[in-house]
Amino acid sequence: MTSASAPPPRVRGRRPPQGDPVVDRALSLLSAFDADHGSLSLGELSRRSGIPASSALRLAKRMVAWGALERGEDGRFTIGLRLWEVASLAPRGQGLRQVAMPFMGDLAQVTRQHVLLAVRDGYEALLIERLSSHQAMPVLYRVGGRLPLHSTGVGLVLLAFAEPEVQEEVLSRPMVREPEKEIVSPVDLRRTLARVRLEGLAHLHRPHAPRAIVSVAAPVFGADDRVAAALSVLVPPEDADPRMLGPAVRTIARSISRGLGARRAIGQIGDASAGR
């Protein structure tokens, strides 16, 4: 007879249900870092990840050994170069950047401002490259940063050619243009997206940001003739000549598209389903 106090038999191959899997906790540690928190103490890492300090330290040490994290002499943790090395292999960024960089360099040389390249990641735009002239006006955009789809040039292009369910999800949410705190009307945004699809260009003028800025963006097509990315230039209003900027951005976007193997011409957009 089995004693009533005997522990239940273990089932081979099954993990006891205690705590999150190690991989989830490792991802939680990495998620604790962002643009405003690039260096974290153990206590900060623990609080921001929701992992007890002892467990956070044990896991962080393993990640330091692998190279995903680095730890300075002051004991603070930062993202490690090994993680950047692995991330640089992402096909949506690597091949696209290799093709786009020479053309972006030409556009940056002509405009002497900022040239951005972004892809859509869920309901945000992810900036994968930025070229800037020495005399360019200051902007907050950084490589690896995320941008809203509803209030940036690259975001409008990516949203205009996204799947209908993605568009409807974005349009159903409260939308505010930051940092102006201006409410974005879904009706107005829907009209804007239709115009972007028709013209193959997005024009965005933000006069009330910390510094007035004009963005002109165009879609970049991939080998499957779907929109793979968005290219834009950011210039001060006094340099924003639409007769020059629009054709220049469209031409460079077309060149990148051809380099990616796209067959369709950017000037032949035409309807709401194009690029999907």
# chains A, B, ... in the order shown; residues from 1 in each chain; ligands from 1
call {"tool": "select_by_dssp", "arguments": {"residues": "segment 7-251 of chain A", "states": "strand (DSSP E or B)", "output": "MDAnalysis selection string"}}
result
chainID A and resid 34 37 40 69:71 77:79 114:121 124:132 146:148 176:177 182:183 202:206 213:221 227:235
call {"tool": "residues_around", "arguments": {"residues": "segment 154-171 of chain A", "least_positions_apart": "2", "cutoff": "7 Å", "atoms": "only C-alpha atoms", "output": "PDB file with all heavy atoms, in the first residue's frame"}}
result
ATOM      1  N   ALA A 118      12.287  52.029 -43.692  1.00  0.00           N
ATOM      2  CA  ALA A 118      11.543  51.367 -42.621  1.00  0.00           C
ATOM      3  C   ALA A 118      10.728  50.209 -43.171  1.00  0.00           C
ATOM      4  O   ALA A 118      10.332  50.204 -44.341  1.00  0.00           O
ATOM      5  CB  ALA A 118      10.623  52.359 -41.908  1.00  0.00           C
ATOM      6  N   ARG A 120       7.382  47.413 -41.951  1.00  0.00           N
ATOM      7  CA  ARG A 120       6.290  47.291 -40.989  1.00  0.00           C
ATOM      8  C   ARG A 120       6.495  46.069 -40.119  1.00  0.00           C
ATOM      9  O   ARG A 120       6.803  44.981 -40.606  1.00  0.00           O
ATOM     10  CB  ARG A 120       4.938  47.188 -41.709  1.00  0.00           C
ATOM     11  CG  ARG A 120       3.744  47.172 -40.738  1.00  0.00           C
ATOM     12  CD  ARG A 120       2.418  47.251 -41.468  1.00  0.00           C
ATOM     13  NE  ARG A 120       2.194  46.081 -42.299  1.00  0.00           N
ATOM     14  CZ  ARG A 120       1.687  44.937 -41.857  1.00  0.00           C
ATOM     15  NH1 ARG A 120       1.372  44.793 -40.561  1.00  0.00           N
ATOM     16  NH2 ARG A 120       1.495  43.930 -42.679  1.00  0.00           N
ATOM     17  N   ALA A 125       6.016  50.924 -37.518  1.00  0.00           N
ATOM     18  CA  ALA A 125       7.094  50.923 -38.496  1.00  0.00           C
ATOM     19  C   ALA A 125       8.408  50.788 -37.741  1.00  0.00           C
ATOM     20  O   ALA A 125       8.608  51.418 -36.697  1.00  0.00           O
ATOM     21  CB  ALA A 125       7.084  52.219 -39.309  1.00  0.00           C
ATOM     22  N   LEU A 147       8.217  53.599 -35.098  1.00  0.00           N
ATOM     23  CA  LEU A 147       7.492  54.811 -35.471  1.00  0.00           C
ATOM     24  C   LEU A 147       6.019  54.476 -35.663  1.00  0.00           C
ATOM     25  O   LEU A 147       5.678  53.383 -36.133  1.00  0.00           O
ATOM     26  CB  LEU A 147       8.055  55.396 -36.775  1.00  0.00           C
ATOM     27  CG  LEU A 147       9.575  55.536 -36.875  1.00  0.00           C
ATOM     28  CD1 LEU A 147       9.962  56.015 -38.265  1.00  0.00           C
ATOM     29  CD2 LEU A 147      10.095  56.487 -35.820  1.00  0.00           C
ATOM     30  N   PRO A 148       5.122  55.392 -35.324  1.00  0.00           N
ATOM     31  CA  PRO A 148       3.687  55.126 -35.520  1.00  0.00           C
ATOM     32  C   PRO A 148       3.337  55.098 -37.010  1.00  0.00           C
ATOM     33  O   PRO A 148       3.924  55.829 -37.814  1.00  0.00           O
ATOM     34  CB  PRO A 148       3.023  56.298 -34.802  1.00  0.00           C
ATOM     35  CG  PRO A 148       4.047  57.383 -34.792  1.00  0.00           C
ATOM     36  CD  PRO A 148       5.378  56.698 -34.682  1.00  0.00           C
ATOM     37  N   LEU A 149       2.383  54.258 -37.358  1.00  0.00           N
ATOM     38  CA  LEU A 149       1.961  54.165 -38.748  1.00  0.00           C
ATOM     39  C   LEU A 149       1.091  55.345 -39.167  1.00  0.00           C
ATOM     40  O   LEU A 149       1.087  55.731 -40.334  1.00  0.00           O
ATOM     41  CB  LEU A 149       1.175  52.861 -38.973  1.00  0.00           C
ATOM     42  CG  LEU A 149       1.946  51.547 -38.798  1.00  0.00           C
ATOM     43  CD1 LEU A 149       1.004  50.361 -38.993  1.00  0.00           C
ATOM     44  CD2 LEU A 149       3.119  51.460 -39.758  1.00  0.00           C
ATOM     45  N   HIS A 150       0.368  55.931 -38.214  1.00  0.00           N
ATOM     46  CA  HIS A 150      -0.634  56.932 -38.569  1.00  0.00           C
ATOM     47  C   HIS A 150      -0.099  58.361 -38.664  1.00  0.00           C
ATOM     48  O   HIS A 150      -0.824  59.243 -39.113  1.00  0.00           O
ATOM     49  CB  HIS A 150      -1.788  56.908 -37.551  1.00  0.00           C
ATOM     50  CG  HIS A 150      -1.365  57.308 -36.170  1.00  0.00           C
ATOM     51  ND1 HIS A 150      -0.872  56.407 -35.252  1.00  0.00           N
ATOM     52  CD2 HIS A 150      -1.354  58.515 -35.546  1.00  0.00           C
ATOM     53  CE1 HIS A 150      -0.600  57.034 -34.131  1.00  0.00           C
ATOM     54  NE2 HIS A 150      -0.880  58.315 -34.282  1.00  0.00           N
ATOM     55  N   SER A 151       1.147  58.594 -38.261  1.00  0.00           N
ATOM     56  CA  SER A 151       1.603  59.988 -38.205  1.00  0.00           C
ATOM     57  C   SER A 151       3.050  60.179 -38.626  1.00  0.00           C
ATOM     58  O   SER A 151       3.693  61.138 -38.221  1.00  0.00           O
ATOM     59  CB  SER A 151       1.404  60.545 -36.787  1.00  0.00           C
ATOM     60  OG  SER A 151       2.158  59.805 -35.841  1.00  0.00           O
ATOM     61  N   THR A 152       3.567  59.287 -39.456  1.00  0.00           N
ATOM     62  CA  THR A 152       4.899  59.451 -40.044  1.00  0.00           C
ATOM     63  C   THR A 152       4.799  59.137 -41.532  1.00  0.00           C
ATOM     64  O   THR A 152       3.916  58.389 -41.961  1.00  0.00           O
ATOM     65  CB  THR A 152       5.941  58.519 -39.402  1.00  0.00           C
ATOM     66  OG1 THR A 152       5.531  57.154 -39.555  1.00  0.00           O
ATOM     67  CG2 THR A 152       6.117  58.833 -37.918  1.00  0.00           C
ATOM     68  N   ARG A 173      -8.437  52.198 -33.474  1.00  0.00           N
ATOM     69  CA  ARG A 173      -7.809  52.599 -32.218  1.00  0.00           C
ATOM     70  C   ARG A 173      -7.787  54.121 -32.075  1.00  0.00           C
ATOM     71  O   ARG A 173      -7.791  54.843 -33.080  1.00  0.00           O
ATOM     72  CB  ARG A 173      -6.370  52.090 -32.162  1.00  0.00           C
ATOM     73  CG  ARG A 173      -6.226  50.573 -32.223  1.00  0.00           C
ATOM     74  CD  ARG A 173      -4.760  50.186 -32.252  1.00  0.00           C
ATOM     75  NE  ARG A 173      -4.560  48.745 -32.198  1.00  0.00           N
ATOM     76  CZ  ARG A 173      -3.372  48.159 -32.147  1.00  0.00           C
ATOM     77  NH1 ARG A 173      -2.261  48.908 -32.146  1.00  0.00           N
ATOM     78  NH2 ARG A 173      -3.281  46.852 -32.100  1.00  0.00           N
ATOM     79  N   PRO A 186     -10.058  59.190 -37.957  1.00  0.00           N
ATOM     80  CA  PRO A 186     -10.058  58.002 -38.814  1.00  0.00           C
ATOM     81  C   PRO A 186     -10.556  58.290 -40.224  1.00  0.00           C
ATOM     82  O   PRO A 186     -10.064  57.714 -41.195  1.00  0.00           O
ATOM     83  CB  PRO A 186     -10.992  57.033 -38.079  1.00  0.00           C
ATOM     84  CG  PRO A 186     -10.992  57.493 -36.658  1.00  0.00           C
ATOM     85  CD  PRO A 186     -10.836  58.985 -36.725  1.00  0.00           C
ATOM     86  N   LEU A 193      -4.813  57.588 -46.801  1.00  0.00           N
ATOM     87  CA  LEU A 193      -4.297  56.307 -47.260  1.00  0.00           C
ATOM     88  C   LEU A 193      -4.713  56.024 -48.698  1.00  0.00           C
ATOM     89  O   LEU A 193      -3.927  55.481 -49.489  1.00  0.00           O
ATOM     90  CB  LEU A 193      -4.789  55.186 -46.339  1.00  0.00           C
ATOM     91  CG  LEU A 193      -4.336  55.268 -44.880  1.00  0.00           C
ATOM     92  CD1 LEU A 193      -4.915  54.095 -44.076  1.00  0.00           C
ATOM     93  CD2 LEU A 193      -2.816  55.283 -44.769  1.00  0.00           C
ATOM     94  N   VAL A 196      -2.449  58.033 -50.889  1.00  0.00           N
ATOM     95  CA  VAL A 196      -1.109  57.449 -50.945  1.00  0.00           C
ATOM     96  C   VAL A 196      -1.075  56.278 -51.927  1.00  0.00           C
ATOM     97  O   VAL A 196      -0.154  56.142 -52.730  1.00  0.00           O
ATOM     98  CB  VAL A 196      -0.650  56.995 -49.545  1.00  0.00           C
ATOM     99  CG1 VAL A 196       0.648  56.197 -49.636  1.00  0.00           C
ATOM    100  CG2 VAL A 196      -0.457  58.197 -48.626  1.00  0.00           C
ATOM    101  N   ARG A 197      -2.109  55.433 -51.886  1.00  0.00           N
ATOM    102  CA  ARG A 197      -2.165  54.302 -52.816  1.00  0.00           C
ATOM    103  C   ARG A 197      -2.293  54.768 -54.259  1.00  0.00           C
ATOM    104  O   ARG A 197      -1.707  54.188 -55.173  1.00  0.00           O
ATOM    105  CB  ARG A 197      -3.335  53.383 -52.454  1.00  0.00           C
ATOM    106  CG  ARG A 197      -3.128  52.574 -51.194  1.00  0.00           C
ATOM    107  CD  ARG A 197      -4.192  51.510 -51.042  1.00  0.00           C
ATOM    108  NE  ARG A 197      -5.505  52.091 -50.777  1.00  0.00           N
ATOM    109  CZ  ARG A 197      -6.006  52.320 -49.568  1.00  0.00           C
ATOM    110  NH1 ARG A 197      -5.273  52.028 -48.496  1.00  0.00           N
ATOM    111  NH2 ARG A 197      -7.204  52.822 -49.414  1.00  0.00           N
ATOM    112  N   ALA A 202       3.567  59.640 -50.078  1.00  0.00           N
ATOM    113  CA  ALA A 202       2.962  60.222 -48.884  1.00  0.00           C
ATOM    114  C   ALA A 202       3.660  61.537 -48.588  1.00  0.00           C
ATOM    115  O   ALA A 202       4.890  61.602 -48.551  1.00  0.00           O
ATOM    116  CB  ALA A 202       3.100  59.273 -47.693  1.00  0.00           C
ATOM    117  N   ALA A 217       7.481  60.272 -48.635  1.00  0.00           N
ATOM    118  CA  ALA A 217       7.802  58.845 -48.590  1.00  0.00           C
ATOM    119  C   ALA A 217       7.192  58.114 -49.771  1.00  0.00           C
ATOM    120  O   ALA A 217       6.159  58.524 -50.321  1.00  0.00           O
ATOM    121  CB  ALA A 217       7.299  58.229 -47.280  1.00  0.00           C
ATOM    122  N   ALA A 218       7.819  57.004 -50.161  1.00  0.00           N
ATOM    123  CA  ALA A 218       7.350  56.184 -51.277  1.00  0.00           C
ATOM    124  C   ALA A 218       7.528  54.712 -50.928  1.00  0.00           C
ATOM    125  O   ALA A 218       8.406  54.353 -50.142  1.00  0.00           O
ATOM    126  CB  ALA A 218       8.118  56.521 -52.559  1.00  0.00           C
ATOM    127  N   PRO A 219       6.724  53.836 -51.540  1.00  0.00           N
ATOM    128  CA  PRO A 219       6.842  52.403 -51.259  1.00  0.00           C
ATOM    129  C   PRO A 219       7.999  51.766 -52.019  1.00  0.00           C
ATOM    130  O   PRO A 219       8.333  52.163 -53.139  1.00  0.00           O
ATOM    131  CB  PRO A 219       5.501  51.844 -51.749  1.00  0.00           C
ATOM    132  CG  PRO A 219       5.084  52.779 -52.832  1.00  0.00           C
ATOM    133  CD  PRO A 219       5.578  54.140 -52.421  1.00  0.00           C
ATOM    134  N   VAL A 227       4.641  45.437 -51.172  1.00  0.00           N
ATOM    135  CA  VAL A 227       5.434  46.481 -50.538  1.00  0.00           C
ATOM    136  C   VAL A 227       6.284  45.872 -49.434  1.00  0.00           C
ATOM    137  O   VAL A 227       5.771  45.277 -48.489  1.00  0.00           O
ATOM    138  CB  VAL A 227       4.533  47.596 -49.982  1.00  0.00           C
ATOM    139  CG1 VAL A 227       5.337  48.559 -49.119  1.00  0.00           C
ATOM    140  CG2 VAL A 227       3.880  48.358 -51.129  1.00  0.00           C
ATOM    141  N   ALA A 229       8.997  47.756 -47.982  1.00  0.00           N
ATOM    142  CA  ALA A 229       9.544  48.798 -47.119  1.00  0.00           C
ATOM    143  C   ALA A 229       9.022  50.144 -47.576  1.00  0.00           C
ATOM    144  O   ALA A 229       8.302  50.253 -48.581  1.00  0.00           O
ATOM    145  CB  ALA A 229      11.076  48.774 -47.157  1.00  0.00           C
ATOM    146  N   ALA A 230       9.373  51.168 -46.833  1.00  0.00           N
ATOM    147  CA  ALA A 230       9.047  52.544 -47.206  1.00  0.00           C
ATOM    148  C   ALA A 230      10.313  53.383 -47.097  1.00  0.00           C
ATOM    149  O   ALA A 230      11.088  53.234 -46.148  1.00  0.00           O
ATOM    150  CB  ALA A 230       7.952  53.118 -46.311  1.00  0.00           C
ATOM    151  N   LEU A 231      10.504  54.244 -48.076  1.00  0.00           N
ATOM    152  CA  LEU A 231      11.657  55.149 -48.119  1.00  0.00           C
ATOM    153  C   LEU A 231      11.154  56.569 -47.963  1.00  0.00           C
ATOM    154  O   LEU A 231      10.129  56.939 -48.551  1.00  0.00           O
ATOM    155  CB  LEU A 231      12.371  54.997 -49.470  1.00  0.00           C
ATOM    156  CG  LEU A 231      13.531  55.956 -49.744  1.00  0.00           C
ATOM    157  CD1 LEU A 231      14.786  55.489 -49.028  1.00  0.00           C
ATOM    158  CD2 LEU A 231      13.787  56.064 -51.248  1.00  0.00           C
ATOM    159  N   SER A 232      11.847  57.390 -47.178  1.00  0.00           N
ATOM    160  CA  SER A 232      11.405  58.781 -47.023  1.00  0.00           C
ATOM    161  C   SER A 232      12.589  59.707 -46.843  1.00  0.00           C
ATOM    162  O   SER A 232      13.692  59.276 -46.480  1.00  0.00           O
ATOM    163  CB  SER A 232      10.461  58.923 -45.823  1.00  0.00           C
ATOM    164  OG  SER A 232      11.183  58.881 -44.601  1.00  0.00           O
ATOM    165  N   ALA A 274      -3.483  47.434 -54.509  1.00  0.00           N
ATOM    166  CA  ALA A 274      -2.127  47.341 -55.033  1.00  0.00           C
ATOM    167  C   ALA A 274      -1.143  47.102 -53.923  1.00  0.00           C
ATOM    168  O   ALA A 274      -1.241  47.654 -52.842  1.00  0.00           O
ATOM    169  CB  ALA A 274      -1.770  48.628 -55.772  1.00  0.00           C
ATOM    170  N   GLY A 275      -0.149  46.265 -54.195  1.00  0.00           N
ATOM    171  CA  GLY A 275       0.908  46.024 -53.243  1.00  0.00           C
ATOM    172  C   GLY A 275       0.590  44.966 -52.225  1.00  0.00           C
ATOM    173  O   GLY A 275       1.416  44.648 -51.402  1.00  0.00           O
ATOM    174  N   ARG A 276      -0.625  44.397 -52.248  1.00  0.00           N
ATOM    175  CA  ARG A 276      -0.990  43.383 -51.260  1.00  0.00           C
ATOM    176  C   ARG A 276      -0.818  42.007 -51.854  1.00  0.00           C
ATOM    177  O   ARG A 276      -0.944  41.801 -53.040  1.00  0.00           O
ATOM    178  CB  ARG A 276      -2.421  43.580 -50.786  1.00  0.00           C
ATOM    179  CG  ARG A 276      -2.587  44.915 -50.048  1.00  0.00           C
ATOM    180  CD  ARG A 276      -4.039  45.081 -49.626  1.00  0.00           C
ATOM    181  NE  ARG A 276      -4.259  46.464 -49.193  1.00  0.00           N
ATOM    182  CZ  ARG A 276      -5.436  46.987 -49.017  1.00  0.00           C
ATOM    183  NH1 ARG A 276      -6.525  46.293 -49.238  1.00  0.00           N
ATOM    184  NH2 ARG A 276      -5.589  48.220 -48.625  1.00  0.00           N
TER     185      ARG A 276
END
call {"tool": "select_by_dssp", "arguments": {"residues": "segment 34-223 of chain A", "states": "alpha helix (DSSP H)", "output": "CSV table (one decimal) with C-alpha atoms, in the first residue's frame"}}
result
chain,number,residue,atom,x,y,z
A,42,LEU,CA,20.4,44.6,-11.3
A,43,GLY,CA,17.6,46.2,-9.4
A,44,GLU,CA,16.3,48.0,-12.4
A,45,LEU,CA,16.6,44.9,-14.5
A,46,SER,CA,14.6,43.0,-11.9
A,47,ARG,CA,11.8,45.6,-11.6
A,48,ARG,CA,11.4,46.2,-15.3
A,49,SER,CA,11.4,42.5,-16.2
A,53,ALA,CA,16.7,39.8,-8.4
A,54,SER,CA,18.3,36.5,-7.6
A,55,SER,CA,16.8,34.8,-10.7
A,56,ALA,CA,17.5,37.9,-12.8
A,57,LEU,CA,21.2,37.9,-11.8
A,58,ARG,CA,21.6,34.2,-12.4
A,59,LEU,CA,20.0,34.4,-15.9
A,60,ALA,CA,21.8,37.7,-16.7
A,61,LYS,CA,25.2,36.0,-16.0
A,62,ARG,CA,24.4,33.3,-18.5
A,63,MET,CA,23.4,35.9,-21.1
A,64,VAL,CA,26.6,37.8,-20.4
A,65,ALA,CA,28.6,34.6,-21.0
A,66,TRP,CA,26.9,34.1,-24.3
A,81,LEU,CA,27.3,42.9,-29.4
A,82,ARG,CA,26.6,39.2,-30.0
A,83,LEU,CA,22.9,40.0,-30.0
A,84,TRP,CA,23.4,42.8,-32.5
A,85,GLU,CA,25.5,40.3,-34.6
A,86,VAL,CA,22.6,37.8,-34.7
A,87,ALA,CA,20.0,40.5,-35.3
A,91,PRO,CA,16.6,38.7,-43.9
A,92,ARG,CA,13.9,41.5,-43.9
A,93,GLY,CA,16.6,44.0,-43.0
A,94,GLN,CA,19.9,42.6,-44.2
A,95,GLY,CA,19.2,42.0,-47.9
A,96,LEU,CA,17.0,45.1,-48.1
A,97,ARG,CA,19.7,47.3,-46.6
A,98,GLN,CA,22.4,45.9,-48.9
A,99,VAL,CA,20.4,46.8,-52.0
A,100,ALA,CA,19.1,50.1,-50.6
A,101,MET,CA,22.2,51.7,-49.1
A,102,PRO,CA,23.9,52.9,-52.4
A,103,PHE,CA,20.7,54.5,-53.6
A,104,MET,CA,19.9,56.0,-50.2
A,105,GLY,CA,23.4,57.5,-50.3
A,106,ASP,CA,22.6,59.3,-53.6
A,107,LEU,CA,19.4,60.7,-52.1
A,108,ALA,CA,21.1,61.8,-48.9
A,109,GLN,CA,23.8,63.6,-51.0
A,110,VAL,CA,21.2,65.5,-53.0
A,111,THR,CA,18.9,66.5,-50.1
A,153,GLY,CA,5.7,59.5,-43.7
A,154,VAL,CA,7.0,55.9,-43.8
A,155,GLY,CA,4.2,54.8,-41.6
A,156,LEU,CA,1.5,56.1,-43.9
A,157,VAL,CA,3.1,54.3,-46.9
A,158,LEU,CA,3.3,51.0,-45.0
A,159,LEU,CA,-0.2,51.3,-43.6
A,160,ALA,CA,-1.6,52.3,-47.0
A,164,PRO,CA,-7.2,45.4,-44.9
A,165,GLU,CA,-7.4,43.9,-41.4
A,166,VAL,CA,-4.3,45.7,-40.3
A,167,GLN,CA,-5.7,49.0,-41.6
A,168,GLU,CA,-9.0,48.5,-39.9
A,169,GLU,CA,-7.3,47.6,-36.6
A,170,VAL,CA,-5.2,50.8,-36.7
A,171,LEU,CA,-8.2,52.9,-37.7
A,172,SER,CA,-10.3,51.5,-34.9
A,186,PRO,CA,-10.1,58.0,-38.8
A,187,VAL,CA,-12.1,59.5,-41.7
A,188,ASP,CA,-9.2,61.9,-42.6
A,189,LEU,CA,-6.7,59.1,-42.3
A,190,ARG,CA,-8.7,56.8,-44.5
A,191,ARG,CA,-8.7,59.5,-47.2
A,192,THR,CA,-5.0,60.0,-46.8
A,193,LEU,CA,-4.3,56.3,-47.3
A,194,ALA,CA,-6.4,56.2,-50.4
A,195,ARG,CA,-4.4,59.1,-51.8
A,196,VAL,CA,-1.1,57.4,-50.9
A,197,ARG,CA,-2.2,54.3,-52.8
A,198,LEU,CA,-3.3,56.3,-55.8
A,199,GLU,CA,-0.2,58.6,-56.0
call {"tool": "residues_around", "arguments": {"residues": "Val235 of chain A", "least_positions_apart": "3", "cutoff": "6 Å", "atoms": "only C-alpha atoms", "output": "list in words"}}
result
Gln113, Ile213 and Val214 of chain A
call {"tool": "atom_distance", "arguments": {"atom1": "atom CA of Leu126 of chain A", "atom2": "atom CA of Gly145 of chain A"}}
result
6.0 Å
call {"tool": "residues_around", "arguments": {"residues": "Arg142 of chain A", "least_positions_apart": "6", "cutoff": "12 Å", "atoms": "only C-alpha atoms", "output": "number ranges by chain"}}
result
A: 34-35, 114-118, 125-132
call {"tool": "write_last_selection", "arguments": {"atoms": "all heavy atoms", "output": "CSV table (one decimal), in the first residue's frame"}}
result
chain,number,residue,atom,x,y,z
A,34,ASP,N,15.2,49.6,-23.4
A,34,ASP,CA,14.6,50.4,-24.5
A,34,ASP,C,15.5,51.6,-24.8
A,34,ASP,O,16.5,51.8,-24.2
A,34,ASP,CB,13.1,50.7,-24.3
A,34,ASP,CG,13.0,51.5,-23.0
A,34,ASP,OD1,13.9,52.3,-22.6
A,34,ASP,OD2,11.9,51.5,-22.4
A,35,ALA,N,15.0,52.5,-25.6
A,35,ALA,CA,15.8,53.7,-26.0
A,35,ALA,C,16.1,54.6,-24.8
A,35,ALA,O,17.1,55.2,-24.8
A,35,ALA,CB,15.0,54.5,-27.1
A,114,HIS,N,17.9,64.0,-44.1
A,114,HIS,CA,17.7,62.6,-43.5
A,114,HIS,C,17.0,61.8,-44.6
A,114,HIS,O,16.0,62.2,-45.1
A,114,HIS,CB,16.9,62.6,-42.2
A,114,HIS,CG,17.5,63.5,-41.2
A,114,HIS,ND1,18.6,63.1,-40.4
A,114,HIS,CD2,17.1,64.7,-40.7
A,114,HIS,CE1,18.9,64.1,-39.5
A,114,HIS,NE2,18.0,65.1,-39.7
A,115,VAL,N,17.5,60.6,-44.7
A,115,VAL,CA,16.9,59.6,-45.6
A,115,VAL,C,16.6,58.3,-44.7
A,115,VAL,O,17.5,57.8,-44.1
A,115,VAL,CB,17.7,59.2,-46.8
A,115,VAL,CG1,17.0,58.1,-47.6
A,115,VAL,CG2,18.1,60.4,-47.6
A,116,LEU,N,15.3,57.9,-44.7
A,116,LEU,CA,14.9,56.8,-43.8
A,116,LEU,C,14.5,55.6,-44.6
A,116,LEU,O,13.9,55.8,-45.7
A,116,LEU,CB,13.8,57.2,-42.9
A,116,LEU,CG,13.9,58.5,-42.1
A,116,LEU,CD1,12.7,58.7,-41.1
A,116,LEU,CD2,15.2,58.5,-41.2
A,117,LEU,N,14.7,54.4,-44.1
A,117,LEU,CA,14.2,53.2,-44.6
A,117,LEU,C,13.6,52.4,-43.5
A,117,LEU,O,14.2,52.1,-42.5
A,117,LEU,CB,15.3,52.4,-45.3
A,117,LEU,CG,14.9,51.1,-46.0
A,117,LEU,CD1,14.1,51.5,-47.3
A,117,LEU,CD2,16.2,50.3,-46.4
A,118,ALA,N,12.3,52.0,-43.7
A,118,ALA,CA,11.5,51.4,-42.6
A,118,ALA,C,10.7,50.2,-43.2
A,118,ALA,O,10.3,50.2,-44.3
A,118,ALA,CB,10.6,52.4,-41.9
A,125,ALA,N,6.0,50.9,-37.5
A,125,ALA,CA,7.1,50.9,-38.5
A,125,ALA,C,8.4,50.8,-37.7
A,125,ALA,O,8.6,51.4,-36.7
A,125,ALA,CB,7.1,52.2,-39.3
A,126,LEU,N,9.3,50.0,-38.3
A,126,LEU,CA,10.6,49.7,-37.6
A,126,LEU,C,11.7,50.3,-38.5
A,126,LEU,O,11.8,50.0,-39.7
A,126,LEU,CB,10.9,48.2,-37.4
A,126,LEU,CG,12.2,47.9,-36.8
A,126,LEU,CD1,12.3,48.4,-35.4
A,126,LEU,CD2,12.4,46.3,-36.9
A,127,LEU,N,12.4,51.3,-38.0
A,127,LEU,CA,13.5,52.0,-38.8
A,127,LEU,C,14.7,51.1,-38.9
A,127,LEU,O,15.3,50.8,-37.9
A,127,LEU,CB,13.8,53.3,-38.2
A,127,LEU,CG,14.7,54.2,-38.9
A,127,LEU,CD1,14.1,54.6,-40.3
A,127,LEU,CD2,15.1,55.5,-38.1
A,128,ILE,N,15.1,50.6,-40.1
A,128,ILE,CA,16.2,49.8,-40.2
A,128,ILE,C,17.4,50.5,-40.8
A,128,ILE,O,18.5,49.9,-40.7
A,128,ILE,CB,15.9,48.5,-41.1
A,128,ILE,CG1,15.5,49.0,-42.6
A,128,ILE,CG2,14.7,47.7,-40.5
A,128,ILE,CD1,15.4,47.8,-43.5
A,129,GLU,N,17.3,51.7,-41.3
A,129,GLU,CA,18.4,52.5,-41.7
A,129,GLU,C,18.1,54.0,-41.8
A,129,GLU,O,17.0,54.3,-42.0
A,129,GLU,CB,18.9,52.0,-43.1
A,129,GLU,CG,20.3,52.6,-43.5
A,129,GLU,CD,21.4,52.3,-42.5
A,129,GLU,OE1,21.9,51.2,-42.5
A,129,GLU,OE2,21.6,53.2,-41.7
A,130,ARG,N,19.1,54.8,-41.5
A,130,ARG,CA,19.0,56.2,-41.6
A,130,ARG,C,20.3,56.8,-42.0
A,130,ARG,O,21.3,56.5,-41.4
A,130,ARG,CB,18.6,56.8,-40.2
A,130,ARG,CG,18.3,58.3,-40.3
A,130,ARG,CD,18.1,58.9,-39.0
A,130,ARG,NE,19.3,59.6,-38.5
A,130,ARG,CZ,19.4,60.3,-37.4
A,130,ARG,NH1,18.4,60.3,-36.5
A,130,ARG,NH2,20.5,60.9,-37.0
A,131,LEU,N,20.3,57.6,-43.1
A,131,LEU,CA,21.5,58.3,-43.5
A,131,LEU,C,21.2,59.8,-43.3
A,131,LEU,O,20.2,60.3,-43.6
A,131,LEU,CB,21.8,58.1,-45.0
A,131,LEU,CG,22.2,56.6,-45.4
A,131,LEU,CD1,22.5,56.6,-46.8
A,131,LEU,CD2,23.3,56.1,-44.5
A,132,SER,N,22.2,60.5,-42.7
A,132,SER,CA,22.0,61.9,-42.3
A,132,SER,C,23.2,62.7,-42.7
A,132,SER,O,24.3,62.3,-42.4
A,132,SER,CB,21.7,62.1,-40.8
A,132,SER,OG,20.5,61.3,-40.5
call {"tool": "closest_residue", "arguments": {"among": "A:Glu182, A:Asp224, A:Glu124, A:Asp36", "to": "Leu260 of chain A", "atoms": "only C-alpha atoms"}}
result
A:Asp224
